[in-house]
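The data block below is upload-v3.pdb; it holds PDB, N, CA and C atoms.
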```
MODEL        1
ATOM      1  N   MET H   1      10.177 -34.943  -6.595
ATOM      2  CA  MET H   1       9.244 -33.939  -6.116
ATOM      3  C   MET H   1       8.172 -33.725  -7.193
ATOM      4  N   SER H   2       6.947 -33.697  -6.748
ATOM      5  CA  SER H   2       5.849 -33.556  -7.706
ATOM      6  C   SER H   2       5.704 -32.096  -8.147
ATOM      7  N   GLU H   3       4.947 -31.938  -9.214
ATOM      8  CA  GLU H   3       4.695 -30.587  -9.751
ATOM      9  C   GLU H   3       3.903 -29.742  -8.746
ATOM     10  N   LYS H   4       3.008 -30.382  -8.021
ATOM     11  CA  LYS H   4       2.202 -29.684  -7.009
ATOM     12  C   LYS H   4       3.090 -29.148  -5.881
ATOM     13  N   GLN H   5       4.071 -29.930  -5.470
ATOM     14  CA  GLN H   5       4.998 -29.503  -4.419
ATOM     15  C   GLN H   5       5.877 -28.342  -4.902
ATOM     16  N   LYS H   6       6.339 -28.408  -6.136
ATOM     17  CA  LYS H   6       7.133 -27.318  -6.694
ATOM     18  C   LYS H   6       6.313 -26.039  -6.764
ATOM     19  N   HIS H   7       5.063 -26.192  -7.130
ATOM     20  CA  HIS H   7       4.136 -25.059  -7.206
ATOM     21  C   HIS H   7       3.973 -24.416  -5.820
ATOM     22  N   ALA H   8       3.782 -25.256  -4.806
ATOM     23  CA  ALA H   8       3.608 -24.758  -3.431
ATOM     24  C   ALA H   8       4.882 -24.106  -2.918
ATOM     25  N   ILE H   9       6.032 -24.648  -3.228
ATOM     26  CA  ILE H   9       7.305 -24.069  -2.786
ATOM     27  C   ILE H   9       7.514 -22.702  -3.430
ATOM     28  N   ALA H  10       7.201 -22.581  -4.708
ATOM     29  CA  ALA H  10       7.339 -21.292  -5.399
ATOM     30  C   ALA H  10       6.399 -20.259  -4.794
ATOM     31  N   TYR H  11       5.192 -20.689  -4.450
ATOM     32  CA  TYR H  11       4.215 -19.798  -3.822
ATOM     33  C   TYR H  11       4.750 -19.267  -2.489
ATOM     34  N   TRP H  12       5.245 -20.160  -1.637
ATOM     35  CA  TRP H  12       5.731 -19.741  -0.316
ATOM     36  C   TRP H  12       7.013 -18.926  -0.408
ATOM     37  N   LYS H  13       7.850 -19.206  -1.390
ATOM     38  CA  LYS H  13       9.052 -18.383  -1.590
ATOM     39  C   LYS H  13       8.662 -16.941  -1.883
ATOM     40  N   GLN H  14       7.690 -16.756  -2.766
ATOM     41  CA  GLN H  14       7.239 -15.415  -3.111
ATOM     42  C   GLN H  14       6.561 -14.752  -1.916
ATOM     43  N   ASN H  15       5.784 -15.521  -1.170
ATOM     44  CA  ASN H  15       5.117 -15.002   0.021
ATOM     45  C   ASN H  15       6.149 -14.515   1.043
ATOM     46  N   LEU H  16       7.168 -15.301   1.297
ATOM     47  CA  LEU H  16       8.217 -14.907   2.240
ATOM     48  C   LEU H  16       8.989 -13.686   1.752
ATOM     49  N   LYS H  17       9.186 -13.585   0.445
ATOM     50  CA  LYS H  17       9.846 -12.410  -0.121
ATOM     51  C   LYS H  17       9.032 -11.154   0.184
ATOM     52  N   TYR H  18       7.715 -11.228  -0.029
ATOM     53  CA  TYR H  18       6.845 -10.096   0.291
ATOM     54  C   TYR H  18       6.927  -9.740   1.768
ATOM     55  N   LEU H  19       6.894 -10.754   2.628
ATOM     56  CA  LEU H  19       6.956 -10.504   4.069
ATOM     57  C   LEU H  19       8.256  -9.818   4.475
ATOM     58  N   VAL H  20       9.367 -10.286   3.951
ATOM     59  CA  VAL H  20      10.659  -9.691   4.298
ATOM     60  C   VAL H  20      10.728  -8.240   3.842
ATOM     61  N   ILE H  21      10.269  -7.964   2.651
ATOM     62  CA  ILE H  21      10.302  -6.591   2.134
ATOM     63  C   ILE H  21       9.405  -5.673   2.958
ATOM     64  N   LEU H  22       8.178  -6.093   3.209
ATOM     65  CA  LEU H  22       7.230  -5.243   3.931
ATOM     66  C   LEU H  22       7.645  -5.044   5.391
ATOM     67  N   LEU H  23       8.134  -6.089   6.031
ATOM     68  CA  LEU H  23       8.584  -5.933   7.417
ATOM     69  C   LEU H  23       9.866  -5.106   7.505
ATOM     70  N   SER H  24      10.696  -5.163   6.473
ATOM     71  CA  SER H  24      11.895  -4.305   6.436
ATOM     72  C   SER H  24      11.494  -2.836   6.331
ATOM     73  N   ILE H  25      10.482  -2.559   5.534
ATOM     74  CA  ILE H  25       9.973  -1.183   5.432
ATOM     75  C   ILE H  25       9.455  -0.722   6.783
ATOM     76  N   TRP H  26       8.680  -1.579   7.442
ATOM     77  CA  TRP H  26       8.136  -1.214   8.749
ATOM     78  C   TRP H  26       9.251  -0.995   9.769
ATOM     79  N   PHE H  27      10.267  -1.856   9.744
ATOM     80  CA  PHE H  27      11.408  -1.703  10.642
ATOM     81  C   PHE H  27      12.111  -0.374  10.392
ATOM     82  N   ALA H  28      12.342  -0.061   9.119
ATOM     83  CA  ALA H  28      13.031   1.189   8.776
ATOM     84  C   ALA H  28      12.242   2.406   9.266
ATOM     85  N   VAL H  29      10.938   2.370   9.107
ATOM     86  CA  VAL H  29      10.111   3.493   9.560
ATOM     87  C   VAL H  29      10.068   3.545  11.084
ATOM     88  N   SER H  30       9.837   2.399  11.715
ATOM     89  CA  SER H  30       9.695   2.363  13.169
ATOM     90  C   SER H  30      10.976   2.756  13.884
ATOM     91  N   TYR H  31      12.057   2.082  13.545
ATOM     92  CA  TYR H  31      13.306   2.339  14.244
ATOM     93  C   TYR H  31      14.110   3.464  13.616
ATOM     94  N   GLY H  32      14.100   3.525  12.296
ATOM     95  CA  GLY H  32      14.861   4.572  11.625
ATOM     96  C   GLY H  32      14.327   5.959  11.921
ATOM     97  N   ALA H  33      13.052   6.167  11.603
ATOM     98  CA  ALA H  33      12.452   7.498  11.781
ATOM     99  C   ALA H  33      12.153   7.781  13.244
ATOM    100  N   GLY H  34      11.771   6.758  14.007
ATOM    101  CA  GLY H  34      11.389   6.976  15.390
ATOM    102  C   GLY H  34      12.538   7.018  16.376
ATOM    103  N   ILE H  35      13.676   6.392  16.045
ATOM    104  CA  ILE H  35      14.780   6.316  16.999
ATOM    105  C   ILE H  35      16.076   6.877  16.406
ATOM    106  N   PHE H  36      16.564   6.295  15.306
ATOM    107  CA  PHE H  36      17.872   6.671  14.780
ATOM    108  C   PHE H  36      17.915   8.094  14.225
ATOM    109  N   PHE H  37      16.885   8.489  13.487
ATOM    110  CA  PHE H  37      16.877   9.815  12.871
ATOM    111  C   PHE H  37      15.973  10.795  13.615
ATOM    112  N   LYS H  38      15.658  10.456  14.855
ATOM    113  CA  LYS H  38      14.746  11.261  15.665
ATOM    114  C   LYS H  38      15.233  12.697  15.808
ATOM    115  N   ASP H  39      16.499  12.898  16.086
ATOM    116  CA  ASP H  39      17.020  14.252  16.298
ATOM    117  C   ASP H  39      16.895  15.119  15.050
ATOM    118  N   ALA H  40      17.196  14.538  13.894
ATOM    119  CA  ALA H  40      17.081  15.298  12.652
ATOM    120  C   ALA H  40      15.620  15.601  12.333
ATOM    121  N   LEU H  41      14.748  14.650  12.595
ATOM    122  CA  LEU H  41      13.330  14.841  12.294
ATOM    123  C   LEU H  41      12.634  15.771  13.286
ATOM    124  N   ASN H  42      13.184  15.892  14.473
ATOM    125  CA  ASN H  42      12.561  16.756  15.476
ATOM    126  C   ASN H  42      12.632  18.236  15.108
ATOM    127  N   ALA H  43      13.437  18.588  14.126
ATOM    128  CA  ALA H  43      13.505  19.980  13.663
ATOM    129  C   ALA H  43      12.219  20.370  12.927
ATOM    130  N   ILE H  44      11.473  19.368  12.458
ATOM    131  CA  ILE H  44      10.214  19.600  11.744
ATOM    132  C   ILE H  44       9.065  19.367  12.719
ATOM    133  N   LYS H  45       8.101  20.264  12.723
ATOM    134  CA  LYS H  45       6.962  20.155  13.645
ATOM    135  C   LYS H  45       5.679  19.826  12.871
ATOM    136  N   ILE H  46       4.863  18.947  13.435
ATOM    137  CA  ILE H  46       3.539  18.628  12.901
ATOM    138  C   ILE H  46       2.545  18.809  14.047
ATOM    139  N   GLY H  47       1.646  19.746  13.894
ATOM    140  CA  GLY H  47       0.660  20.007  14.943
ATOM    141  C   GLY H  47       1.289  20.407  16.264
ATOM    142  N   GLY H  48       2.446  21.035  16.205
ATOM    143  CA  GLY H  48       3.130  21.466  17.417
ATOM    144  C   GLY H  48       4.026  20.402  18.025
ATOM    145  N   PHE H  49       4.034  19.198  17.459
ATOM    146  CA  PHE H  49       4.869  18.124  17.982
ATOM    147  C   PHE H  49       6.022  17.843  17.017
ATOM    148  N   PRO H  50       7.186  17.492  17.535
ATOM    149  CA  PRO H  50       8.326  17.163  16.665
ATOM    150  C   PRO H  50       8.021  15.927  15.801
ATOM    151  N   LEU H  51       8.495  15.932  14.569
ATOM    152  CA  LEU H  51       8.230  14.844  13.635
ATOM    153  C   LEU H  51       8.787  13.515  14.140
ATOM    154  N   GLY H  52       9.946  13.522  14.774
ATOM    155  CA  GLY H  52      10.518  12.287  15.332
ATOM    156  C   GLY H  52       9.609  11.684  16.387
ATOM    157  N   PHE H  53       9.036  12.522  17.236
ATOM    158  CA  PHE H  53       8.077  12.077  18.247
ATOM    159  C   PHE H  53       6.847  11.489  17.568
ATOM    160  N   TRP H  54       6.361  12.171  16.527
ATOM    161  CA  TRP H  54       5.178  11.700  15.806
ATOM    162  C   TRP H  54       5.413  10.321  15.198
ATOM    163  N   PHE H  55       6.582  10.126  14.554
ATOM    164  CA  PHE H  55       6.880   8.822  13.966
ATOM    165  C   PHE H  55       6.977   7.747  15.029
ATOM    166  N   ALA H  56       7.580   8.059  16.152
ATOM    167  CA  ALA H  56       7.743   7.065  17.204
ATOM    168  C   ALA H  56       6.396   6.648  17.791
ATOM    169  N   HIS H  57       5.434   7.569  17.836
ATOM    170  CA  HIS H  57       4.169   7.262  18.502
ATOM    171  C   HIS H  57       3.006   7.015  17.560
ATOM    172  N   GLN H  58       2.997   7.595  16.396
ATOM    173  CA  GLN H  58       1.866   7.440  15.480
ATOM    174  C   GLN H  58       2.275   6.926  14.106
ATOM    175  N   GLY H  59       3.336   7.465  13.565
ATOM    176  CA  GLY H  59       3.720   7.170  12.183
ATOM    177  C   GLY H  59       3.960   5.713  11.904
ATOM    178  N   SER H  60       4.641   5.020  12.808
ATOM    179  CA  SER H  60       4.932   3.610  12.566
ATOM    180  C   SER H  60       3.651   2.780  12.575
ATOM    181  N   ILE H  61       2.677   3.181  13.369
ATOM    182  CA  ILE H  61       1.399   2.470  13.390
ATOM    183  C   ILE H  61       0.664   2.675  12.066
ATOM    184  N   TYR H  62       0.625   3.916  11.586
ATOM    185  CA  TYR H  62      -0.023   4.190  10.301
ATOM    186  C   TYR H  62       0.648   3.430   9.168
ATOM    187  N   VAL H  63       1.974   3.421   9.163
ATOM    188  CA  VAL H  63       2.699   2.702   8.114
ATOM    189  C   VAL H  63       2.396   1.212   8.199
ATOM    190  N   PHE H  64       2.315   0.655   9.409
ATOM    191  CA  PHE H  64       2.014  -0.759   9.572
ATOM    192  C   PHE H  64       0.630  -1.086   9.015
ATOM    193  N   VAL H  65      -0.357  -0.255   9.286
ATOM    194  CA  VAL H  65      -1.712  -0.494   8.767
ATOM    195  C   VAL H  65      -1.722  -0.411   7.239
ATOM    196  N   ILE H  66      -1.019   0.552   6.682
ATOM    197  CA  ILE H  66      -0.927   0.661   5.224
ATOM    198  C   ILE H  66      -0.262  -0.584   4.638
ATOM    199  N   LEU H  67       0.796  -1.074   5.306
ATOM    200  CA  LEU H  67       1.490  -2.265   4.826
ATOM    201  C   LEU H  67       0.598  -3.503   4.894
ATOM    202  N   ILE H  68      -0.314  -3.551   5.842
ATOM    203  CA  ILE H  68      -1.269  -4.664   5.895
ATOM    204  C   ILE H  68      -2.126  -4.673   4.632
ATOM    205  N   PHE H  69      -2.630  -3.503   4.237
ATOM    206  CA  PHE H  69      -3.447  -3.431   3.019
ATOM    207  C   PHE H  69      -2.622  -3.761   1.777
ATOM    208  N   VAL H  70      -1.369  -3.332   1.741
ATOM    209  CA  VAL H  70      -0.479  -3.671   0.621
ATOM    210  C   VAL H  70      -0.266  -5.181   0.570
ATOM    211  N   TYR H  71      -0.051  -5.796   1.734
ATOM    212  CA  TYR H  71       0.160  -7.241   1.798
ATOM    213  C   TYR H  71      -1.079  -8.001   1.313
ATOM    214  N   VAL H  72      -2.256  -7.553   1.709
ATOM    215  CA  VAL H  72      -3.493  -8.199   1.260
ATOM    216  C   VAL H  72      -3.599  -8.130  -0.267
ATOM    217  N   ARG H  73      -3.301  -6.969  -0.815
ATOM    218  CA  ARG H  73      -3.373  -6.817  -2.275
ATOM    219  C   ARG H  73      -2.352  -7.719  -2.978
ATOM    220  N   LEU H  74      -1.114  -7.740  -2.451
ATOM    221  CA  LEU H  74      -0.082  -8.592  -3.046
ATOM    222  C   LEU H  74      -0.457 -10.063  -2.955
ATOM    223  N   MET H  75      -1.019 -10.468  -1.821
ATOM    224  CA  MET H  75      -1.383 -11.872  -1.657
ATOM    225  C   MET H  75      -2.561 -12.256  -2.551
ATOM    226  N   ASN H  76      -3.499 -11.343  -2.763
ATOM    227  CA  ASN H  76      -4.597 -11.639  -3.691
ATOM    228  C   ASN H  76      -4.066 -11.864  -5.096
ATOM    229  N   LYS H  77      -3.106 -11.034  -5.513
ATOM    230  CA  LYS H  77      -2.488 -11.224  -6.833
ATOM    231  C   LYS H  77      -1.717 -12.542  -6.893
ATOM    232  N   LEU H  78      -0.998 -12.846  -5.816
ATOM    233  CA  LEU H  78      -0.213 -14.080  -5.778
ATOM    234  C   LEU H  78      -1.129 -15.305  -5.805
ATOM    235  N   ASP H  79      -2.227 -15.253  -5.065
ATOM    236  CA  ASP H  79      -3.195 -16.345  -5.087
ATOM    237  C   ASP H  79      -3.740 -16.579  -6.485
ATOM    238  N   LYS H  80      -4.062 -15.507  -7.186
ATOM    239  CA  LYS H  80      -4.572 -15.642  -8.552
ATOM    240  C   LYS H  80      -3.504 -16.222  -9.482
ATOM    241  N   LYS H  81      -2.264 -15.757  -9.297
ATOM    242  CA  LYS H  81      -1.158 -16.239 -10.140
ATOM    243  C   LYS H  81      -0.957 -17.748  -9.994
ATOM    244  N   PHE H  82      -1.058 -18.247  -8.760
ATOM    245  CA  PHE H  82      -0.823 -19.663  -8.510
ATOM    246  C   PHE H  82      -2.096 -20.486  -8.449
ATOM    247  N   GLY H  83      -3.245 -19.864  -8.695
ATOM    248  CA  GLY H  83      -4.496 -20.599  -8.748
ATOM    249  C   GLY H  83      -5.075 -20.974  -7.395
ATOM    250  N   PHE H  84      -4.735 -20.234  -6.343
ATOM    251  CA  PHE H  84      -5.258 -20.530  -5.016
ATOM    252  C   PHE H  84      -6.419 -19.627  -4.638
ATOM    253  N   ASN H  85      -6.855 -18.788  -5.551
ATOM    254  CA  ASN H  85      -7.982 -17.893  -5.224
ATOM    255  C   ASN H  85      -9.288 -18.663  -5.237
ATOM    256  N   GLU H  86     -10.254 -18.121  -4.486
ATOM    257  CA  GLU H  86     -11.540 -18.818  -4.396
ATOM    258  C   GLU H  86     -12.621 -17.956  -5.005
TER     259      GLU H  86
ENDMDL
END
```
Would you put the structure from the file into structure tokens?
Amino acid sequence: MSEKQKHAIAYWKQNLKYLVILLSIWFAVSYGAGIFFKDALNAIKIGGFPLGFWFAHQGSIYVFVILIFVYVRLMNKLDKKFGFNE
């Protein structure tokens, strides 16, 4: 295996690690806060609506958008680390 191939494999390993972590966070927020812990969170109100309802309908979307920006930042750093930036 050439050095270039090893370099590319290391890059994709790190990329997949970032994806798994960020998607796990999104899963935890979407299903955890919106479904599993909905009853406990519904005791808290935001704008007159239960917090569990808010997470199920709005919160997971906001977290997903934030995670997109985090992913872009992480990938820019990773590109620079492996020399793939332009």
*Could you state which residues are captured by the PyMOL selection byres ((chain H and resi 64-80) around 8) in this file, as a list of chain:residue names?*
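Output from the PyMOL selection byres ((chain H and resi 64-80) around 8), applied to this file: H:Tyr11, H:Gln14, H:Asn15, H:Tyr18, H:Leu19, H:Leu22, H:Leu23, H:Ile25, H:Trp26, H:Gln58, H:Gly59, H:Ser60, H:Ile61, H:Tyr62, H:Val63, H:Lys81, H:Phe82, H:Gly83, H:Phe84, H:Asn85, H:Glu86.
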How would the residues just chosen look if you wrote them out with N, CA and C atoms as a short mmCIF file (atom, residue, chain, number, x, y, z; two decimals), in the coordinates of the input?
```cif
data_model
loop_
_atom_site.label_atom_id
_atom_site.label_comp_id
_atom_site.auth_asym_id
_atom_site.auth_seq_id
_atom_site.Cartn_x
_atom_site.Cartn_y
_atom_site.Cartn_z
N TYR H 11 5.19 -20.69 -4.45
CA TYR H 11 4.22 -19.80 -3.82
C TYR H 11 4.75 -19.27 -2.49
N GLN H 14 7.69 -16.76 -2.77
CA GLN H 14 7.24 -15.42 -3.11
C GLN H 14 6.56 -14.75 -1.92
N ASN H 15 5.78 -15.52 -1.17
CA ASN H 15 5.12 -15.00 0.02
C ASN H 15 6.15 -14.52 1.04
N TYR H 18 7.72 -11.23 -0.03
CA TYR H 18 6.84 -10.10 0.29
C TYR H 18 6.93 -9.74 1.77
N LEU H 19 6.89 -10.75 2.63
CA LEU H 19 6.96 -10.50 4.07
C LEU H 19 8.26 -9.82 4.47
N LEU H 22 8.18 -6.09 3.21
CA LEU H 22 7.23 -5.24 3.93
C LEU H 22 7.64 -5.04 5.39
N LEU H 23 8.13 -6.09 6.03
CA LEU H 23 8.58 -5.93 7.42
C LEU H 23 9.87 -5.11 7.50
N ILE H 25 10.48 -2.56 5.53
CA ILE H 25 9.97 -1.18 5.43
C ILE H 25 9.46 -0.72 6.78
N TRP H 26 8.68 -1.58 7.44
CA TRP H 26 8.14 -1.21 8.75
C TRP H 26 9.25 -1.00 9.77
N GLN H 58 3.00 7.60 16.40
CA GLN H 58 1.87 7.44 15.48
C GLN H 58 2.28 6.93 14.11
N GLY H 59 3.34 7.46 13.56
CA GLY H 59 3.72 7.17 12.18
C GLY H 59 3.96 5.71 11.90
N SER H 60 4.64 5.02 12.81
CA SER H 60 4.93 3.61 12.57
C SER H 60 3.65 2.78 12.58
N ILE H 61 2.68 3.18 13.37
CA ILE H 61 1.40 2.47 13.39
C ILE H 61 0.66 2.68 12.07
N TYR H 62 0.62 3.92 11.59
CA TYR H 62 -0.02 4.19 10.30
C TYR H 62 0.65 3.43 9.17
N VAL H 63 1.97 3.42 9.16
CA VAL H 63 2.70 2.70 8.11
C VAL H 63 2.40 1.21 8.20
N LYS H 81 -2.26 -15.76 -9.30
CA LYS H 81 -1.16 -16.24 -10.14
C LYS H 81 -0.96 -17.75 -9.99
N PHE H 82 -1.06 -18.25 -8.76
CA PHE H 82 -0.82 -19.66 -8.51
C PHE H 82 -2.10 -20.49 -8.45
N GLY H 83 -3.24 -19.86 -8.70
CA GLY H 83 -4.50 -20.60 -8.75
C GLY H 83 -5.08 -20.97 -7.40
N PHE H 84 -4.74 -20.23 -6.34
CA PHE H 84 -5.26 -20.53 -5.02
C PHE H 84 -6.42 -19.63 -4.64
N ASN H 85 -6.86 -18.79 -5.55
CA ASN H 85 -7.98 -17.89 -5.22
C ASN H 85 -9.29 -18.66 -5.24
N GLU H 86 -10.25 -18.12 -4.49
CA GLU H 86 -11.54 -18.82 -4.40
C GLU H 86 -12.62 -17.96 -5.00
#
```
*What does the distance from atom N of Val20 (chain H) to CA of Asp39 (chain H) come to in Å, to one decimal?*
28.5 Å
*asked:* Using Å and a single decimal, report how far atom N of Phe55 (chain H) sits from atom C of Leu41 (chain H).
replied: 8.4 Å
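Among the candidates H:Ile35, H:Met1, H:Ala8, H:Leu16, the residue lying nearest to Leu51 (chain H) is H:Ile35 (atoms considered: only C-alpha atoms).
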*Just asking: which residues within chain H are strand (DSSP E or B) according to DSSP, as JSON, numbers by chain?*
{"H": [45, 46, 49, 50]}
*asked:* I need every residue sitting at most 7 Å from the point (13.3, 14.2, 20.4) (coordinates as in the file, all atoms listed in the file considered), written as a list of chain:residue names.
replied: H:Lys38, H:Asp39, H:Asn42, H:Pro50, H:Gly52, H:Phe53
Axis-aligned box for all listed atoms of region 37-43 of chain H, 5 Å per side, centre and edges in Å to one decimal, as JSON:
```
{"center_x": 14.7, "center_y": 14.4, "center_z": 14.3, "size_x": 15.0, "size_y": 21.9, "size_z": 14.0}
```
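With only N, CA and C atoms as the atoms that count, the minimum distance from Ala33 (chain H) to the choices H:Ser2, H:Trp54, H:Trp12, H:Gly48 is reached by H:Trp54.
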_Could you tell me how far atom C of Ile21 (chain H) sits from atom N of Phe49 (chain H), in Å to one decimal place?_
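Separation of atom N of Phe49 (chain H) and atom C of Ile21 (chain H): 29.3 Å.
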*Would you list, as a PyMOL selection string, the residues of region 9-79 of chain H that end up in alpha helix (DSSP H) under DSSP run on this structure's backbone?*
chain H and resi 9-27+38-41+51-54+60-79
